[in-house]
Each structure stands twice: as C-alpha cells, then as structure tokens.
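Coordinates from target-v6.txt are shown below (compact mmCIF, C-alpha atoms).
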```txt
# COMPACT_ATOMS: atom_id res chain seq x y z
CA MET Q 7 -13.68 0.09 2.82
CA SER Q 8 -15.34 -3.02 1.44
CA ASN Q 9 -12.26 -5.26 1.34
CA PRO Q 10 -9.15 -3.89 3.07
CA ILE Q 11 -7.00 -6.82 1.94
CA LEU Q 12 -7.09 -5.24 -1.53
CA LEU Q 13 -5.72 -1.95 -0.20
CA ASP Q 14 -2.28 -1.13 -1.55
CA PHE Q 15 -0.04 -0.07 1.30
CA PRO Q 16 3.26 1.76 0.76
CA GLU Q 17 6.46 -0.10 1.53
CA GLN Q 18 7.21 2.43 4.24
CA ILE Q 19 6.06 5.71 5.74
CA GLU Q 20 8.72 8.35 6.31
CA SER Q 21 8.85 11.26 8.71
CA GLU Q 22 11.68 13.70 9.25
CA ARG Q 23 13.85 11.25 11.21
CA LEU Q 24 12.05 7.91 10.89
CA ILE Q 25 11.26 5.09 8.54
CA ILE Q 26 8.09 3.32 9.66
CA ARG Q 27 7.39 -0.05 8.05
CA ALA Q 28 5.82 -3.46 8.52
CA PRO Q 29 7.91 -6.15 10.20
CA ARG Q 30 10.06 -8.34 7.95
CA PRO Q 31 11.90 -11.61 8.46
CA GLY Q 32 15.32 -10.78 9.82
CA ASP Q 33 14.11 -7.97 12.14
CA GLY Q 34 14.21 -10.21 15.22
CA ALA Q 35 17.74 -9.55 16.48
CA ALA Q 36 17.31 -5.76 16.46
CA ILE Q 37 13.96 -6.01 18.24
CA VAL Q 38 15.35 -8.37 20.89
CA GLU Q 39 18.25 -5.95 21.50
CA ALA Q 40 15.80 -3.06 22.04
CA ILE Q 41 13.55 -5.13 24.32
CA ARG Q 42 16.57 -6.27 26.37
CA GLU Q 43 17.65 -2.62 26.77
CA SER Q 44 14.12 -1.51 27.68
CA LEU Q 45 12.64 -4.40 29.64
CA VAL Q 46 12.43 -2.58 32.98
CA GLU Q 47 10.51 0.32 31.40
CA LEU Q 48 8.28 -1.89 29.23
CA ARG Q 49 7.40 -4.54 31.81
CA PRO Q 50 4.69 -2.56 33.71
CA TRP Q 51 2.76 -1.74 30.53
CA MET Q 52 3.34 -4.47 27.95
CA PRO Q 53 2.20 -8.05 28.63
CA TRP Q 54 4.58 -9.32 25.93
CA ALA Q 55 7.58 -7.71 27.67
CA GLN Q 56 7.80 -9.76 30.84
CA ASP Q 57 10.93 -11.55 29.65
CA VAL Q 58 13.46 -10.97 26.89
CA PRO Q 59 12.42 -13.10 23.90
CA THR Q 60 14.85 -15.26 21.99
CA VAL Q 61 15.71 -14.19 18.47
CA ALA Q 62 13.85 -17.29 17.21
CA SER Q 63 10.68 -16.40 19.13
CA ALA Q 64 10.94 -12.78 17.95
CA GLU Q 65 11.30 -13.98 14.35
CA GLU Q 66 8.23 -16.18 14.76
CA SER Q 67 6.27 -13.21 16.16
CA ILE Q 68 7.46 -11.00 13.28
CA ARG Q 69 6.37 -13.52 10.68
CA ARG Q 70 2.94 -13.87 12.29
CA ALA Q 71 2.67 -10.06 12.44
CA ALA Q 72 3.65 -9.79 8.77
CA ALA Q 73 0.90 -12.26 7.84
CA LEU Q 74 -1.70 -10.29 9.84
CA PHE Q 75 -0.46 -7.10 8.20
CA MET Q 76 -1.01 -8.58 4.73
CA THR Q 77 -4.59 -9.59 5.62
CA ARG Q 78 -5.16 -6.19 7.30
CA GLU Q 79 -6.28 -7.88 10.54
CA ASP Q 80 -3.60 -6.09 12.60
CA MET Q 81 -0.85 -3.83 11.37
CA ARG Q 82 2.25 -3.91 13.54
CA LEU Q 83 4.91 -1.43 12.50
CA ASN Q 84 8.60 -0.98 13.27
CA MET Q 85 10.35 2.37 13.56
CA TYR Q 86 13.92 2.86 12.34
CA ARG Q 87 16.10 5.94 12.57
CA LYS Q 88 16.88 7.24 9.08
CA SER Q 89 20.39 8.40 9.95
CA ASP Q 90 21.75 4.96 10.85
CA GLY Q 91 18.97 2.33 10.57
CA LEU Q 92 18.78 1.81 14.34
CA PHE Q 93 15.58 0.09 15.50
CA VAL Q 94 13.81 2.82 17.51
CA GLY Q 95 10.72 0.98 18.70
CA GLY Q 96 7.42 -0.55 17.80
CA SER Q 97 4.08 0.81 16.79
CA GLY Q 98 1.05 -0.24 14.86
CA LEU Q 99 -2.58 0.15 13.99
CA HIS Q 100 -4.68 -2.11 16.17
CA ARG Q 101 -8.30 -2.87 17.04
CA PHE Q 102 -9.51 -1.01 14.00
CA ASP Q 103 -12.85 -0.87 12.27
CA TRP Q 104 -12.61 -0.58 8.49
CA SER Q 105 -16.31 0.31 8.20
CA VAL Q 106 -15.73 3.70 9.88
CA PRO Q 107 -12.65 3.66 9.25
CA ARG Q 108 -11.19 3.99 12.78
CA PHE Q 109 -7.71 3.01 13.97
CA GLU Q 110 -5.94 2.80 17.31
CA ILE Q 111 -2.21 3.58 17.46
CA GLY Q 112 0.01 1.74 19.90
CA TYR Q 113 3.69 2.40 20.54
CA TRP Q 114 6.84 1.79 22.54
CA VAL Q 115 10.36 3.18 22.26
CA ARG Q 116 13.70 1.78 23.32
CA THR Q 117 14.94 3.28 26.59
CA SER Q 118 18.04 5.00 25.17
CA LEU Q 119 15.83 7.04 22.81
CA GLN Q 120 13.12 8.10 25.27
CA GLY Q 121 12.45 11.82 25.52
CA GLN Q 122 13.80 12.62 22.04
CA GLY Q 123 10.44 13.04 20.30
CA TYR Q 124 10.59 9.92 18.14
CA VAL Q 125 7.24 8.53 19.31
CA THR Q 126 5.42 11.84 18.91
CA GLU Q 127 6.93 12.18 15.43
CA MET Q 128 5.77 8.66 14.56
CA VAL Q 129 2.25 9.26 15.92
CA GLU Q 130 1.96 12.45 13.87
CA ALA Q 131 3.20 10.72 10.69
CA LEU Q 132 0.98 7.69 11.17
CA THR Q 133 -2.04 9.86 11.98
CA ALA Q 134 -1.50 11.92 8.82
CA PHE Q 135 -1.13 8.72 6.79
CA CYS Q 136 -4.36 7.28 8.19
CA PHE Q 137 -6.33 10.45 7.53
CA GLY Q 138 -4.81 11.07 4.10
CA THR Q 139 -4.34 7.60 2.62
CA LEU Q 140 -6.69 5.32 4.55
CA GLY Q 141 -9.52 7.84 4.86
CA ALA Q 142 -9.71 7.49 8.64
CA LYS Q 143 -12.56 9.33 10.32
CA ARG Q 144 -11.28 8.68 13.83
CA MET Q 145 -7.89 7.92 15.38
CA GLU Q 146 -7.47 6.70 18.95
CA ILE Q 147 -4.74 6.16 21.52
CA HIS Q 148 -5.55 4.02 24.56
CA CYS Q 149 -3.26 3.73 27.55
CA ASP Q 150 -3.15 2.77 31.19
CA ALA Q 151 -4.04 5.85 33.24
CA ARG Q 152 -0.79 5.48 35.21
CA ASN Q 153 1.36 5.54 32.07
CA THR Q 154 2.16 9.24 32.06
CA ARG Q 155 4.68 8.99 29.20
CA SER Q 156 2.11 7.35 26.94
CA TYR Q 157 -0.64 9.88 27.43
CA ALA Q 158 1.86 12.75 27.18
CA VAL Q 159 2.63 11.55 23.64
CA ALA Q 160 -1.08 11.60 22.77
CA GLU Q 161 -1.39 15.15 24.08
CA ARG Q 162 1.75 16.38 22.27
CA ALA Q 163 0.42 14.87 19.03
CA GLY Q 164 -2.80 16.87 19.33
CA TYR Q 165 -5.09 14.09 20.50
CA GLN Q 166 -7.89 15.15 22.84
CA PHE Q 167 -8.76 13.34 26.04
CA GLU Q 168 -12.15 11.68 25.63
CA ALA Q 169 -12.70 9.22 28.44
CA ARG Q 170 -11.39 7.42 31.47
CA LEU Q 171 -12.73 3.89 31.61
CA ARG Q 172 -12.57 2.85 35.26
CA HIS Q 173 -11.57 -0.73 36.02
CA HIS Q 174 -11.44 -1.35 32.29
CA ALA Q 175 -8.63 -3.91 32.11
CA ARG Q 176 -6.26 -6.02 34.13
CA ASP Q 177 -2.67 -4.82 34.17
CA VAL Q 178 0.33 -7.13 33.78
CA TYR Q 179 0.15 -7.90 37.51
CA GLY Q 180 -3.53 -8.88 37.37
CA GLU Q 181 -4.77 -5.72 39.09
CA LEU Q 182 -7.67 -3.67 37.74
CA SER Q 183 -6.55 -0.56 35.94
CA ASP Q 184 -8.19 2.43 34.31
CA THR Q 185 -7.80 3.12 30.60
CA LEU Q 186 -7.53 6.60 29.13
CA ILE Q 187 -8.85 7.18 25.62
CA TYR Q 188 -7.56 9.99 23.43
CA ALA Q 189 -8.98 10.72 19.98
CA LYS Q 190 -8.26 12.84 16.92
CA PHE Q 191 -10.40 13.59 13.88
CA PRO Q 192 -9.47 14.69 10.36
CA GLU Q 193 -11.15 18.06 10.82
CA GLY Q 194 -8.84 18.84 13.72
```
So, in terms of structure tokens, how does the structure I just supplied come out?
Amino acid sequence: MSNPILLDFPEQIESERLIIRAPRPGDGAAIVEAIRESLVELRPWMPWAQDVPTVASAEESIRRAAALFMTREDMRLNMYRKSDGLFVGGSGLHRFDWSVPRFEIGYWVRTSLQGQGYVTEMVEALTAFCFGTLGAKRMEIHCDARNTRSYAVAERAGYQFEARLRHHARDVYGELSDTLIYAKFPEG
C-alpha cells in the first residue's frame, strides 16, 4: 500500500459475539475497570499493566492511540461483548509493514472472561479482516515463551509456530526472555 493513511477503515469489525473497534474518547473508565480486575494476570506480561491507571491517564492513552490509528502508525483495538457492551479486552495491529503487508496481533482479556474463547474469536476475525480487506500476506503473533495462554490462542486460531528467539527481550522484571513467533498466511 503506497499511503495507508488514505485507507478507509470500517467503524468496527464484528464477530459472532464481539464488536472490535478503535479506541474512542470516553472508553477510559471501562478499560480501567478491566485492568483493575485483571492486574495480577496482566502484570507479568504487559509493561503498561504494572499499576492501575487513573481514568484520566487511560483517556490520555486512548486519545493518543486514536491519533496513531488515524495515521495508521499503530492500530490499537478494543473488544466489546455484543450482548451487553461489556469491555472484554484489548487488541490491535502492531509493528506492521505496509509494504508487504504484514501485521502482528496483540491481545489481552479481562480475567473474568478468560477461557471463554473471546480472544480466539477476535484473532480469527481480525486475521480474516487483514487478509480480506487489508490484503495481508503475513500475520504474526509474538509472545513470551512462558505465556502459555497467549501461545495457546495462536495455536487455536490456526497460526503455526515459526521460531523461538532466545534471549530476545527483557521481561517486565528486567530478565531476559525468549519470544515465540507464530504466523499465518492467506493461503492457509
């Protein structure tokens, strides 16, 4: 794609149970509630989840994310349950390369909704959207090798294990960690 900022993006992506959309002003309180509920589970994997943010700091983050979404520099996404509008968790397309195009999907889910298939459903919907609408030639999921829940989602969504990068990153505690890379292609 020559200029992704000109790409028209739908207001939202829907799956069977989810509405997946870009962050909007006013989302902060629901996100803070989910982070507060899930902090213990998020803390080992997410550098941004070391403390519960204030609603004001969450709103600031949302507005910055919305600006990056509009310029197609990073595309954070929020997941909401269709049945009642509950904020389910966060996702997004990150570290992408429009010249391929290639996208990496990230995700987290609030603790009370873990194990109910919401993240796998979102990954499948977002993957189909990227292949079908954005013309992706490669989709990736990266995760810490110790994050068994994260790589289980990749496997359930049909992503294939490609690599283990040893001592690839520092974890939230400053220790070296390995990164697993899963990939999926439009041809299967």
Q.
Is it possible to get the residues within 7 Å of (-9.7, 11.3, 15.5) (coordinates as in the file, counting all atoms listed in the file) written as a PyMOL selection string?
A. chain Q and resi 143-146+189-192
Q. So which residues touch Phe93 (chain Q) within 7 Å, counting all atoms listed in the file, skipping near sequence neighbours fewer than 3 positions away, as a list in words?
A.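 Once the adjacent positions are removed, what remains is Ala36, Ile37, Met85, Tyr86 and Arg87 of chain Q.
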Q: Excluding Gly34 (chain Q) and residues on its chain fewer than 6 positions from it, collect all residues at most 12 Å away from it, counting all atoms listed in the file, and give them as an NGL selection string.
A: :Q and (40-41 or 58-69 or 71 or 84 or 93)
Can I get the selected residues back with C-alpha atoms, as a tab-separated table (two decimals), in the frame of the given file?
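Writing done, so here's out_12.tsv:
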```
chain	number	residue	atom	x	y	z
Q	40	ALA	CA	15.80	-3.06	22.04
Q	41	ILE	CA	13.55	-5.13	24.32
Q	58	VAL	CA	13.46	-10.97	26.89
Q	59	PRO	CA	12.42	-13.10	23.90
Q	60	THR	CA	14.85	-15.26	21.99
Q	61	VAL	CA	15.71	-14.19	18.47
Q	62	ALA	CA	13.85	-17.29	17.21
Q	63	SER	CA	10.68	-16.40	19.13
Q	64	ALA	CA	10.94	-12.78	17.95
Q	65	GLU	CA	11.30	-13.98	14.35
Q	66	GLU	CA	8.23	-16.18	14.76
Q	67	SER	CA	6.27	-13.21	16.16
Q	68	ILE	CA	7.46	-11.00	13.28
Q	69	ARG	CA	6.37	-13.52	10.68
Q	71	ALA	CA	2.67	-10.06	12.44
Q	84	ASN	CA	8.60	-0.98	13.27
Q	93	PHE	CA	15.58	0.09	15.50
```
Q: Show me as a PyMOL selection string the residues that reach within 12 Å of (12.4, -0.6, 11.7), counting only C-alpha atoms and using the file's own coordinates.
A: chain Q and resi 17-20+23-37+40+68+82-88+90-98+115-116+128
**Q.** Shell around Thr126 (chain Q) at 8 Å using only C-alpha atoms, local window under 3 positions removed, as a VMD selection string
**A.** chain Q and resid 123 129 to 130 159 to 160 162 to 163
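Straight-line separation from CA of Ala73 (chain Q) to CA of Trp114 (chain Q): 21.2 Å.
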**Q.** Which residue of Q:His174, Q:His148, Q:Arg108, Q:Arg49 approaches Tyr188 (chain Q) most closely, using all atoms listed in the file
**A.** Q:His148
Q: Mind giving me the straight-line distance from CA of Ala134 (chain Q) to CA of Ser89 (chain Q) in Å, one decimal?
A: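 We find that CA of Ala134 (chain Q) and CA of Ser89 (chain Q) lie 22.2 Å from each other.
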Q. So which one's closest to Ala142 (chain Q), Q:Leu119, Q:Val125, Q:Val178, Q:Val106? Using all atoms listed in the file, please.
A.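 Distance minimum relative to Ala142 (chain Q) lands on Q:Val106.
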Q. What separation in Å, quoted to one decimal, exists between CA of Arg78 (chain Q) and CA of Thr139 (chain Q)?
A.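 We find that CA of Arg78 (chain Q) and CA of Thr139 (chain Q) lie 14.6 Å from each other.
Using all atoms listed in the file for every distance, the candidate list Q:Asp103, Q:Asp184, Q:Asp177, Q:Glu193 yields Q:Asp177 as the residue closest to Trp54 (chain Q).
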Q: Pick out the closest residue to Thr133 (chain Q) from this set: Q:Ala158, Q:Cys149, Q:Leu99, Q:Ala175. Count only C-alpha atoms.
A: Q:Leu99
Q: Would you list the contacts of Ser105 (chain Q) as an MDAnalysis selection string, taking every protein, DNA or RNA residue within 12 Å and counting all atoms listed in the file, but skipping same-chain residues closer than 4 positions in sequence?
A: chainID Q and resid 7:10 109 140:144
Q.
I'd like to know which of Q:Arg170, Q:Arg101, Q:Arg70, Q:Arg155 is closest to Gln120 (chain Q), using only C-alpha atoms.
A. Q:Arg155
